[in-house]
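Report on one structure; see the data block that follows.
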Amino acid sequence: MTGRIAVPVWAAFIVASFVVGDVLREAGLETEDKLPPLHAEARGEPHTWQMIPAICVAVVCVAALPVLARRLGWRPLLLVSWAATLAWTVALACGDGFDRLAWPLDAPSEYPAGLDAVRADPLEWLRTFTDRLHGYPTHIRGHPPLPTLVFWALDAAGLRGTTWAAIVIVLVGTSAVAAVALTVRGLAGEDMARRALPFLVMAPLVLWVATAMDAFFLGVGAWGTALVAVAARRNHLVAALGGGLLLGSLPYLSYGLLPLFAVPAAVLIIARPSRRVIAVLALGCAIVPLAFTLLGFWWPDGVAATHETYRVSRGSAMRSYWYFLVADFAVLGLLTGPAVAHALPSTLASLGRAARARALPPVPALLVGAALLGMIALALSGVTRGEVERIWVPYAAWTVVAAGRHAPPARGWLAAQAITALVVQSLVLSEW
């Protein structure tokens with residue numbers, strides 16, 4: 001499939017997924033979501049003037065990013081890209097008002113709603129986490145204890161309230177742009193990283209960076225992978241330890257992040273680090289699991305208890321497996337945009353050619369393939385039936401690297417990415 005064919009197929013696939021989802025909902029076969037495959041609802045009146053700040057940010061970014069990516073020094077470029085991502089994310093979110101960043105976290109199903117149980121005795125809460133799981137809010141029940149402990153730590157540090165939590169989530173999530181670019185630079189060279197950066201900034205997935213906790217997971221996973229790339233290329237043991245520490249925390253942030261290890265595994269395949277680096281990386285990866293185990297939380301028991309609450313609830317488990325197995329990838333198309341759809345066929349073709357030649361694929365193709373492999377594994381498992389507009393975020397950022405195949409300045413493709421995000425925000429009201 002060529003890129004020219006891929007974009008119409010991308011658009012038709014997304015439209016068809018919404019049409020089928022609406023048919024299922026009207027037939028009473030899909031009642032969990034108002035706008036399947038998104039866990040969202042259509043706005044009664046599309047946003048118009050409310051989108052003006054986001055449109056202004058988009059125009060500036062589309063005009064300036066290709067020039068800045070070519071001319072700025074590397075470190076200033078990373079800071080400018082982070083700032084641009086932050087501005088784009090906030091401008092989109094604030095179409096619903098300046099309190100939009102905090103109000104999703106105020107929902108009774110979110111982590112802050114369960115903080116009272118932690119404040120009394122955090123260690124006792126952790127020891128009894130699995131036994132008392134059924135009594136906690138939805139998002140605490142669906143995840144390991146570490147996300148809740150992050151909120152508790154902010155609270156204990158004096159950063160109380162959901163506004164501070166939202167600020168931390170958005171800052172960590174948007175910083176992933178720099179981490180992904182650092183990884184690409186370390187493995188494929190600075191030119192490829194500079195080509196990918198504008199697309200990382202303008203990716204429509206920023207719609208769910210404000211303020212789903214999965215954006216925090218994105219940042220942790222991306223920086224862990226970036227540190228692994230630095231450690232492998234420079235034989236840097238401190239980076240290896242830090243990367244291992246961050247990556248080792250991923251399964252304790254979300255059970256669904258285990259397949260994300262395919263991405264740092266791809267980094268190791270490409271970089272071939274020394275045995276010392278691998279040993280220190282393994283040590284770093286063991287720190288968080290060992291600490292949680294010693295403090296009384298046994299990860300396999302948490303998986304089993306969460307699966308049990310998932311199975312008996314009338315929530316995600318009631319959704320159609322076969323519909324979401326397909327339609328969840330239409331949501332991935334929304335997260336990554338038409339520029340990635342256009343570049344993906346050639347990216348996957350390079351993977352196929354490398355496999356046939358028994359050679360190492362190009363770095364961007366291997367990173368994209370690893371992220372896709374992780375998402376396919378999650379989809380086949382059946383635990384990601386819907387709500388993947390947030391669940392896919394830590395994975396989707398890596399697939400955006402494929403858009404670096406577009407020759408600079410590629411403003412038309414950047415504009416298409418921006419328009420996709422603006423249209424979705426104008427028409428859809430998300431819980432996150």
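Please note that chains go A, B, ... in the order of the structure tokens, that every chain numbers its residues from 1, and that ligands are numbered from 1 in the order shown.
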
Would you mind listing what lies within 9 Å of A:Ala231 as JSON, numbers by chain, with only C-alpha atoms counted and same-chain residues fewer than 2 positions away left out? {"A": [226, 227, 228, 229, 233, 234, 235, 236, 237, 238, 239, 240, 241, 243, 273, 277, 281]}

Fewer than 4 positions away in the same chain doesn't count, so skip those; otherwise give me all residues within 7 Å of A:Trp152, counting only C-alpha atoms, as number ranges by chain. A: 115, 148, 156

A:Trp49, A:Phe151, A:Tyr323, A:Trp208: which is nearest A:Trp88, counting only C-alpha atoms?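 Closest to A:Trp88 of all the choices is A:Trp208.
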
Counting only C-alpha atoms, which residue out of A:Ala113, A:Ala262, A:Ala210, A:Leu154 sits closest to A:Asp99? A:Ala210
